[in-house]
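See below for my_file39.csv, which holds CSV, C-alpha atoms and all ligand atoms.
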```
chain,number,residue,atom,x,y,z
I,1,MET,CA,116.7,43.7,71.6
I,2,PRO,CA,113.9,41.3,72.5
I,3,SER,CA,114.2,39.4,75.7
I,4,GLU,CA,115.3,35.8,76.0
I,5,THR,CA,111.6,34.8,75.9
I,6,SER,CA,110.5,36.8,72.9
I,7,ASP,CA,106.8,35.8,73.0
I,8,PRO,CA,104.8,36.7,76.1
I,9,PRO,CA,103.3,33.6,77.8
I,10,THR,CA,99.6,33.3,77.2
I,11,ASP,CA,99.0,30.8,80.0
I,12,GLY,CA,101.3,29.0,82.5
I,13,GLY,CA,100.4,31.2,85.4
I,14,ASP,CA,102.0,34.0,87.4
I,15,ARG,CA,105.5,32.5,87.5
I,16,ASP,CA,105.9,32.4,83.7
I,17,ALA,CA,104.5,36.0,83.4
I,18,THR,CA,106.9,37.3,86.0
I,19,ARG,CA,109.9,35.6,84.5
I,20,PHE,CA,109.0,37.0,81.1
I,21,LEU,CA,108.8,40.5,82.5
I,22,ILE,CA,112.1,40.1,84.3
I,23,ASP,CA,113.7,39.0,81.1
I,24,GLU,CA,112.1,42.0,79.4
I,25,ALA,CA,113.6,44.3,82.0
I,26,LEU,CA,117.1,42.9,81.2
I,27,GLY,CA,116.8,43.7,77.5
I,28,TYR,CA,119.2,46.7,77.8
I,29,VAL,CA,122.0,44.3,78.8
I,30,TYR,CA,122.0,42.8,75.3
I,31,ALA,CA,122.2,46.3,73.7
I,32,GLY,CA,125.0,47.2,76.0
I,33,ALA,CA,127.0,44.1,75.2
I,34,LEU,CA,126.3,44.5,71.4
I,35,ARG,CA,127.6,48.1,71.6
I,36,ALA,CA,130.8,46.9,73.4
I,37,ALA,CA,131.4,44.2,70.8
I,38,ALA,CA,130.9,46.6,67.9
I,39,ALA,CA,133.1,49.3,69.5
I,40,ILE,CA,136.1,47.1,70.1
I,41,GLY,CA,135.7,45.4,66.7
I,42,VAL,CA,135.2,41.8,67.7
I,43,ALA,CA,133.6,40.8,64.4
I,44,ASP,CA,136.5,42.2,62.4
I,45,ARG,CA,139.0,40.2,64.5
I,46,LEU,CA,137.0,37.0,63.9
I,47,ALA,CA,136.8,37.5,60.1
I,48,ASP,CA,139.5,34.9,59.5
I,49,GLY,CA,138.0,32.3,61.7
I,50,PRO,CA,137.3,31.5,65.4
I,51,LEU,CA,139.7,32.6,68.1
I,52,THR,CA,140.2,31.8,71.8
I,53,VAL,CA,139.0,34.5,74.2
I,54,ALA,CA,142.7,35.1,75.2
I,55,GLU,CA,143.7,35.7,71.5
I,56,LEU,CA,140.7,37.9,70.9
I,57,ALA,CA,141.3,39.9,74.1
I,58,GLY,CA,145.0,40.4,73.1
I,59,ARG,CA,143.9,41.7,69.6
I,60,THR,CA,141.3,44.0,70.9
I,61,GLY,CA,143.2,45.2,73.9
I,62,VAL,CA,140.5,44.4,76.5
I,63,HIS,CA,140.2,42.2,79.6
I,64,ALA,CA,139.7,38.5,78.7
I,65,ASP,CA,137.3,37.7,81.6
I,66,GLY,CA,134.9,40.5,80.6
I,67,LEU,CA,135.2,39.7,77.0
I,68,ARG,CA,134.2,36.0,77.6
I,69,ARG,CA,131.1,37.2,79.5
I,70,VAL,CA,130.2,39.7,76.7
I,71,LEU,CA,130.6,37.0,74.1
I,72,ARG,CA,128.7,34.5,76.1
I,73,VAL,CA,125.6,36.7,76.4
I,74,LEU,CA,125.7,37.7,72.8
I,75,ALA,CA,126.0,34.0,71.8
I,76,THR,CA,122.6,33.5,73.4
I,77,ARG,CA,121.3,36.0,70.8
I,78,GLY,CA,123.0,34.3,67.9
I,79,VAL,CA,125.5,37.1,67.3
I,80,PHE,CA,128.6,34.9,68.0
I,81,GLU,CA,128.9,31.2,68.8
I,82,GLU,CA,131.0,29.3,71.3
I,83,LEU,CA,132.5,26.2,69.7
I,84,PRO,CA,133.0,22.9,71.7
I,85,ASP,CA,136.8,23.7,72.0
I,86,GLY,CA,135.9,27.0,73.8
I,87,ARG,CA,136.8,29.3,70.8
I,88,PHE,CA,134.3,31.9,69.7
I,89,GLY,CA,133.3,32.4,66.0
I,90,LEU,CA,131.1,34.5,63.9
I,91,THR,CA,127.5,33.5,63.0
I,92,ALA,CA,125.7,34.7,59.9
I,93,VAL,CA,124.3,37.5,62.0
I,94,GLY,CA,127.7,38.3,63.5
I,95,ARG,CA,129.2,38.7,60.0
I,96,SER,CA,127.0,41.8,59.5
I,97,LEU,CA,128.9,43.4,62.4
I,98,ARG,CA,132.1,43.4,60.4
I,99,SER,CA,133.2,46.9,59.3
I,100,ASP,CA,133.8,45.5,55.8
I,101,ALA,CA,130.5,43.6,55.5
I,102,ALA,CA,128.2,44.8,52.6
I,103,LEU,CA,125.6,46.9,54.4
I,104,SER,CA,127.5,46.6,57.7
I,105,ALA,CA,125.4,47.0,60.8
I,106,ARG,CA,128.3,48.3,62.9
I,107,PRO,CA,127.9,52.0,62.3
I,108,SER,CA,124.1,51.7,62.9
I,109,VAL,CA,124.6,49.8,66.1
I,110,LEU,CA,127.1,52.4,67.3
I,111,MET,CA,124.7,55.2,66.4
I,112,LEU,CA,121.7,53.7,68.0
I,113,THR,CA,123.5,52.9,71.2
I,114,ASP,CA,125.4,56.1,71.4
I,115,PRO,CA,124.9,57.9,74.8
I,116,THR,CA,123.0,60.7,73.0
I,117,LEU,CA,120.2,58.2,72.2
I,118,TRP,CA,120.8,55.7,74.9
I,119,ARG,CA,120.7,57.9,78.0
I,120,PRO,CA,117.5,59.7,77.1
I,121,CYS,CA,115.8,56.3,76.7
I,122,GLY,CA,116.7,55.5,80.3
I,123,GLU,CA,114.5,58.6,81.2
I,124,VAL,CA,111.3,57.6,79.5
I,125,GLU,CA,109.5,58.1,82.8
I,126,LEU,CA,110.6,61.7,83.1
I,127,SER,CA,109.4,62.3,79.5
I,128,LEU,CA,106.1,60.8,80.5
I,129,ARG,CA,105.6,62.8,83.6
I,130,ARG,CA,106.7,66.1,82.2
I,131,GLY,CA,106.1,65.7,78.5
I,132,GLY,CA,108.6,66.1,75.7
I,133,SER,CA,112.3,65.3,75.2
I,134,VAL,CA,114.7,64.9,78.1
I,135,PHE,CA,117.8,65.5,75.9
I,136,GLU,CA,118.3,69.1,77.3
I,137,ASP,CA,118.1,67.8,80.9
I,138,ILE,CA,121.0,65.5,80.2
I,139,PHE,CA,123.1,67.4,77.7
I,140,GLY,CA,122.1,71.0,78.2
I,141,MET,CA,121.0,71.7,74.7
I,142,SER,CA,119.0,70.1,71.8
I,143,PHE,CA,120.2,67.0,70.0
I,144,PHE,CA,121.1,68.8,66.7
I,145,GLU,CA,122.8,71.7,68.6
I,146,TYR,CA,124.8,69.1,70.6
I,147,ILE,CA,126.1,67.2,67.5
I,148,ALA,CA,126.9,70.5,65.7
I,149,ARG,CA,129.3,71.2,68.6
I,150,ASN,CA,130.7,67.7,69.1
I,151,GLU,CA,132.6,66.5,66.1
I,152,GLN,CA,133.0,62.9,67.2
I,153,THR,CA,129.4,62.4,68.1
I,154,ALA,CA,128.4,64.1,64.8
I,155,ALA,CA,130.6,61.7,62.9
I,156,ALA,CA,129.1,58.7,64.7
I,157,PHE,CA,125.6,60.0,64.0
I,158,HIS,CA,126.0,60.9,60.4
I,159,THR,CA,128.0,57.8,59.5
I,160,GLY,CA,125.5,55.6,61.4
I,161,MET,CA,122.6,57.3,59.8
I,162,ALA,CA,124.1,56.9,56.3
I,163,ALA,CA,124.8,53.2,57.0
I,164,PHE,CA,121.3,52.8,58.5
I,165,SER,CA,119.8,54.3,55.3
I,166,ASP,CA,122.1,52.3,53.0
I,167,GLN,CA,120.3,49.1,53.8
I,168,GLU,CA,117.0,50.7,52.5
I,169,ASN,CA,118.0,53.3,50.0
I,170,GLU,CA,118.3,51.1,46.9
I,171,VAL,CA,115.0,49.4,47.6
I,172,ILE,CA,113.1,52.6,48.2
I,173,ALA,CA,114.6,54.4,45.2
I,174,GLY,CA,113.4,51.4,43.2
I,175,VAL,CA,109.8,51.9,44.1
I,176,CYS,CA,109.7,55.8,43.9
I,177,GLU,CA,107.8,56.9,40.8
I,178,LEU,CA,109.7,59.8,39.5
I,179,PRO,CA,109.4,62.1,36.4
I,180,ALA,CA,111.7,61.4,33.4
I,181,SER,CA,113.3,64.8,33.8
I,182,GLY,CA,113.4,67.6,36.4
I,183,VAL,CA,115.0,68.4,39.7
I,184,VAL,CA,114.8,66.2,42.9
I,185,VAL,CA,115.6,68.0,46.1
I,186,ASP,CA,116.6,65.8,49.0
I,187,VAL,CA,115.6,67.8,52.0
I,188,GLY,CA,117.9,66.9,55.0
I,189,GLY,CA,119.5,64.3,52.7
I,190,GLY,CA,122.5,63.7,55.0
I,191,HIS,CA,125.5,62.5,53.0
I,192,GLY,CA,123.4,62.0,49.9
I,193,GLY,CA,123.1,58.2,49.8
I,194,PHE,CA,119.5,58.2,48.8
I,195,LEU,CA,119.9,61.0,46.2
I,196,LEU,CA,122.8,59.0,44.7
I,197,GLU,CA,120.5,55.9,44.2
I,198,VAL,CA,117.8,58.1,42.7
I,199,LEU,CA,120.2,59.8,40.2
I,200,ARG,CA,121.7,56.4,39.3
I,201,ARG,CA,118.3,55.0,38.4
I,202,ASN,CA,117.0,58.1,36.7
I,203,PRO,CA,119.5,59.5,34.2
I,204,GLY,CA,117.2,62.3,33.2
I,205,LEU,CA,117.0,63.8,36.7
I,206,GLU,CA,119.1,66.4,38.4
I,207,GLY,CA,119.6,66.4,42.2
I,208,VAL,CA,120.0,69.0,45.0
I,209,LEU,CA,121.3,67.9,48.4
I,210,LEU,CA,120.1,70.1,51.2
I,211,ASP,CA,121.5,69.7,54.7
I,212,GLU,CA,123.6,71.6,57.2
I,213,GLU,CA,126.9,72.8,55.9
I,214,HIS,CA,129.0,70.4,58.1
I,215,VAL,CA,126.9,67.5,56.9
I,216,VAL,CA,126.9,68.2,53.1
I,217,ALA,CA,130.7,68.6,53.4
I,218,GLY,CA,130.8,64.8,53.9
I,219,HIS,CA,128.7,64.0,50.8
I,220,ARG,CA,129.1,60.8,48.8
I,221,LEU,CA,127.9,62.2,45.4
I,222,ASP,CA,131.3,62.3,43.7
I,223,VAL,CA,130.5,59.3,41.6
I,224,ALA,CA,131.3,59.2,37.8
I,225,GLU,CA,127.8,57.8,37.0
I,226,VAL,CA,126.0,60.9,38.2
I,227,LYS,CA,128.7,63.5,37.4
I,228,GLY,CA,127.4,67.0,36.6
I,229,ARG,CA,123.8,66.2,37.7
I,230,TRP,CA,123.9,67.3,41.3
I,231,ARG,CA,124.7,70.3,43.4
I,232,LEU,CA,125.0,70.9,47.1
I,233,ALA,CA,122.7,73.3,49.0
I,234,PRO,CA,124.1,73.8,52.5
I,235,GLY,CA,121.3,75.5,54.4
I,236,ASP,CA,118.4,75.3,57.0
I,237,PHE,CA,115.2,73.6,56.0
I,238,PHE,CA,113.3,75.7,58.5
I,239,THR,CA,114.3,78.8,56.6
I,240,GLU,CA,114.3,77.9,52.9
I,241,VAL,CA,114.2,74.9,50.6
I,242,PRO,CA,115.6,75.0,47.0
I,243,ALA,CA,113.2,74.9,44.1
I,244,GLY,CA,112.4,71.5,42.5
I,245,ASP,CA,109.9,69.2,40.9
I,246,VAL,CA,110.1,66.6,43.6
I,247,HIS,CA,111.0,67.2,47.2
I,248,VAL,CA,112.1,64.1,49.1
I,249,VAL,CA,111.7,64.4,52.9
I,250,LYS,CA,113.2,61.1,54.1
I,251,ARG,CA,113.4,60.3,57.8
I,252,ILE,CA,113.1,64.0,58.6
I,253,LEU,CA,109.6,64.6,59.9
I,254,HIS,CA,109.9,61.9,62.6
I,255,ASP,CA,112.7,64.0,64.3
I,256,TRP,CA,110.3,67.0,64.8
I,257,ASP,CA,107.0,68.0,66.5
I,258,ASP,CA,104.0,69.0,64.3
I,259,GLU,CA,104.8,72.7,64.4
I,260,HIS,CA,108.3,72.2,63.0
I,261,CYS,CA,107.1,69.7,60.5
I,262,VAL,CA,104.6,72.1,59.1
I,263,THR,CA,107.3,74.7,58.7
I,264,ILE,CA,109.5,72.2,56.7
I,265,LEU,CA,106.5,71.1,54.6
I,266,ARG,CA,105.4,74.7,53.9
I,267,ASN,CA,108.9,75.6,52.7
I,268,CYS,CA,108.8,72.5,50.4
I,269,ARG,CA,105.4,73.5,49.1
I,270,ARG,CA,106.6,77.1,48.4
I,271,ALA,CA,109.6,75.7,46.4
I,272,LEU,CA,107.6,73.1,44.5
I,273,ALA,CA,107.2,73.5,40.7
I,274,PRO,CA,103.6,73.4,39.4
I,275,GLY,CA,102.4,69.8,39.3
I,276,GLY,CA,105.3,68.7,41.5
I,277,ARG,CA,105.2,66.2,44.4
I,278,ILE,CA,106.5,65.9,47.9
I,279,LEU,CA,107.6,62.4,48.9
I,280,VAL,CA,107.6,62.1,52.7
I,281,ILE,CA,109.5,58.9,53.4
I,282,ASP,CA,109.0,57.7,57.0
I,283,ALA,CA,107.5,54.8,58.9
I,284,VAL,CA,103.7,54.8,59.0
I,285,ILE,CA,102.7,53.2,62.3
I,286,PRO,CA,100.3,50.4,61.7
I,287,PRO,CA,97.3,50.0,63.9
I,288,GLY,CA,97.1,47.1,66.4
I,289,ASN,CA,99.5,45.2,68.5
I,290,GLU,CA,101.9,43.8,65.9
I,291,PRO,CA,105.6,44.6,66.5
I,292,HIS,CA,107.0,47.2,64.2
I,293,GLN,CA,110.5,48.7,64.4
I,294,ALA,CA,109.0,52.2,64.3
I,295,LYS,CA,107.1,51.6,67.6
I,296,ALA,CA,110.5,51.2,69.3
I,297,VAL,CA,112.2,54.1,67.4
I,298,ASP,CA,109.3,56.2,68.5
I,299,MET,CA,110.5,55.9,72.2
I,300,MET,CA,113.9,57.2,71.1
I,301,LEU,CA,112.3,60.1,69.2
I,302,MET,CA,110.1,60.9,72.2
I,303,THR,CA,113.0,61.1,74.6
I,304,ALA,CA,115.9,62.5,72.6
I,305,PHE,CA,114.1,64.7,70.0
I,306,PRO,CA,111.0,66.7,69.8
I,307,GLY,CA,109.9,64.0,67.4
I,308,ARG,CA,107.5,61.0,66.8
I,309,GLU,CA,106.6,58.3,64.4
I,310,ARG,CA,103.1,58.9,62.9
I,311,THR,CA,100.0,57.0,61.8
I,312,GLU,CA,98.4,57.5,58.5
I,313,GLY,CA,95.8,59.8,60.1
I,314,GLU,CA,98.5,61.9,61.7
I,315,PHE,CA,100.3,62.3,58.4
I,316,ALA,CA,97.1,63.4,56.8
I,317,GLU,CA,96.6,66.1,59.4
I,318,LEU,CA,100.2,67.3,59.1
I,319,LEU,CA,99.9,67.6,55.3
I,320,ALA,CA,96.6,69.4,55.5
I,321,ALA,CA,98.1,71.9,58.0
I,322,ALA,CA,100.8,72.7,55.5
I,323,GLY,CA,98.4,73.2,52.6
I,324,LEU,CA,99.1,69.8,51.0
I,325,ARG,CA,96.9,66.8,50.0
I,326,PRO,CA,98.0,63.2,50.6
I,327,ALA,CA,97.9,61.5,47.2
I,328,ARG,CA,98.7,57.9,48.2
I,329,ILE,CA,100.9,55.8,50.5
I,330,VAL,CA,103.3,53.5,48.8
I,331,PRO,CA,104.7,50.6,50.9
I,332,THR,CA,108.4,50.0,50.1
I,333,GLY,CA,109.1,46.6,51.5
I,334,THR,CA,111.2,48.2,54.2
I,335,VAL,CA,110.1,49.7,57.5
I,336,VAL,CA,109.3,53.0,55.8
I,337,SER,CA,106.6,54.0,53.3
I,338,ILE,CA,106.3,56.8,50.8
I,339,VAL,CA,103.6,59.3,51.7
I,340,GLU,CA,103.1,61.2,48.4
I,341,ALA,CA,101.6,64.7,48.6
I,342,THR,CA,100.6,67.5,46.2
I,343,ARG,CA,99.4,71.0,46.7
I,344,ALA,CA,95.9,71.0,48.2
K,1,LIG,C1,117.5,61.4,60.7
K,1,LIG,S1,118.6,62.2,59.6
K,1,LIG,C2,118.0,61.7,58.0
K,1,LIG,C3,119.0,61.8,56.9
K,1,LIG,C4,118.6,61.2,55.5
K,1,LIG,N1,117.4,61.9,55.0
K,1,LIG,C5,118.4,59.7,55.6
K,1,LIG,O1,117.3,59.3,55.4
K,1,LIG,O2,119.4,59.0,55.9
K,1,LIG,C6,118.1,63.9,59.7
K,1,LIG,C7,118.9,64.9,58.9
K,1,LIG,O3,118.3,66.2,59.0
K,1,LIG,C8,119.4,67.1,59.0
K,1,LIG,N2,119.0,68.4,59.6
K,1,LIG,C9,118.6,68.6,60.9
K,1,LIG,N3,118.3,69.9,61.0
K,1,LIG,C10,118.4,70.5,59.8
K,1,LIG,C11,118.1,71.8,59.4
K,1,LIG,N4,117.7,72.8,60.2
K,1,LIG,N5,118.3,72.1,58.0
K,1,LIG,C12,118.8,71.1,57.2
K,1,LIG,N6,119.1,69.8,57.6
K,1,LIG,C13,118.9,69.5,58.9
K,1,LIG,C14,120.5,66.4,59.8
K,1,LIG,O4,121.8,67.0,59.6
K,1,LIG,C15,120.4,65.0,59.3
K,1,LIG,O5,121.2,64.7,58.1
```
Structure translated into structure tokens:
Amino acid sequence: MPSETSDPPTDGGDRDATRFLIDEALGYVYAGALRAAAAIGVADRLADGPLTVAELAGRTGVHADGLRRVLRVLATRGVFEELPDGRFGLTAVGRSLRSDAALSARPSVLMLTDPTLWRPCGEVELSLRRGGSVFEDIFGMSFFEYIARNEQTAAAFHTGMAAFSDQENEVIAGVCELPASGVVVDVGGGHGGFLLEVLRRNPGLEGVLLDEEHVVAGHRLDVAEVKGRWRLAPGDFFTEVPAGDVHVVKRILHDWDDEHCVTILRNCRRALAPGGRILVIDAVIPPGNEPHQAKAVDMMLMTAFPGRERTEGEFAELLAAAGLRPARIVPTGTVVSIVEATRA
């Protein structure tokens, strides 16, 4: 979250600059408070209207004094608001924290602030000094090994990832240019939220959902509209990818280093029908100083995964190394773009 003073001072002297940096250093406090509010379900309890802190503490089963302080700090960010009578209520932003909100932010907030992502980010310095991810130093194994062995964390990650993607899937599926017929393979497609949107919009297409067995087991493709047009492919994208006319690789490459990405892309290339396309859907880091969500996510990928967000040039190099040619980059109106590739 940005600090209290979101724009750096351009003049005003040392005192303003120092205060700005102190506020920046406190940024983690807001994320911690937001996680706590999401975890105990504050927004759900406020759905019917404002409550006193004592009422809210009683309904969420937490200490009233601590809750008042958490709500107070989040009110400075516009998540909740304190009314003149001392009760707290939801703002338009806070409503998105409700579990039943359309495109609820709650699962994404819980995923992004989960200790598996949070703790490595506290060790950016170690990652800088030594290079690479610090996940193994903290958890004793890689991220994906860890979540394969920890059911609760896996559920938080995959539910969070599905919700995170839900707010973009419909928009991205709307700008994907797809053939009238053929097979679309969603490589590492999670619970299938994106594939579902693609199949809904393209009645001539069939879909294959490739992901790890425990992940595809939680798929969301059992929808009448797409009945009989999909199949599950539990498997490992480093070993083999099912045949198709279009391979979607959405929010996958950013989890991995170049070597692993080339293996995934080569497997897609091998499984691609003649004239087929690979759609790499990931953020493309823009040049310059402008804020972009992917520049922050990149820190998370650096510390918890062997991954990174990439620039246009870095994608071109990766595709070339896998025997592919970038055809074009299509902006989607979300933080990610579609990097289209064909056989070189
Ligand atoms: C960041 S999530 C992206 C999910 C989905 N494509 C989306 O955009 O929401 C990465 C996905 O890769 C899957 N994955 C990781 N390693 C895999 C492997 N070796 N084979 C298949 N899927 C894998 C994970 O289970 C997870 O669903």
*region 67-81 of chain I: which residues within 6 Å, counting all atoms listed in the file, same-chain residues fewer than 3 positions away excluded, as a ChimeraX atom specification?*
/I:33,64,88-91,93-94
Write out, as a PDB file, in the frame of the given file, the residues just selected, with C-alpha atoms.
```
ATOM      1  CA  ALA I  33     127.000  44.100  75.200  1.00  0.00           C
ATOM      2  CA  ALA I  64     139.700  38.500  78.700  1.00  0.00           C
ATOM      3  CA  PHE I  88     134.300  31.900  69.700  1.00  0.00           C
ATOM      4  CA  GLY I  89     133.300  32.400  66.000  1.00  0.00           C
ATOM      5  CA  LEU I  90     131.100  34.500  63.900  1.00  0.00           C
ATOM      6  CA  THR I  91     127.500  33.500  63.000  1.00  0.00           C
ATOM      7  CA  VAL I  93     124.300  37.500  62.000  1.00  0.00           C
ATOM      8  CA  GLY I  94     127.700  38.300  63.500  1.00  0.00           C
TER       9      GLY I  94
END
```
_Contacts of Phe305 (chain I) at 9 Å (all atoms listed in the file; same-chain gap of 5+ positions) as a list in words_ =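 The residues satisfying every condition are Gly132, Ser133, Val134, Phe135, Ser142, Phe143, Phe144, His254, Asp255, Trp256, Asp257 and Met300 of chain I.
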*For region 203-217 of chain I, work out the shell of residues within 6 Å, counting only C-alpha atoms and skipping chain neighbours fewer than 2 positions away, then give it as number ranges by chain.*
I: 180-189, 191, 219, 229-235
*So which residues touch Leu265 (chain I) within 10 Å, counting only C-alpha atoms, skipping near sequence neighbours fewer than 5 positions away, as a VMD selection string?*
chain I and resid 237 to 238 241 247 249 253 260 270 to 271 278 280 318 to 319 321 to 324
_So the first atom is CA of Ser104 (chain I) and the second is atom N6 of ligand LIG 1 (chain K); what is the distance between them in Å, to one decimal place?_
24.7 Å
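Relative to CA of Leu112 (chain I), CA of Ala38 (chain I) is found at 11.6 Å.
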*One decimal, Å: what's the distance from CA of Gly190 (chain I) over to CA of Arg35 (chain I), could you say?*
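Going from CA of Gly190 (chain I) over to CA of Arg35 (chain I) covers 23.3 Å.
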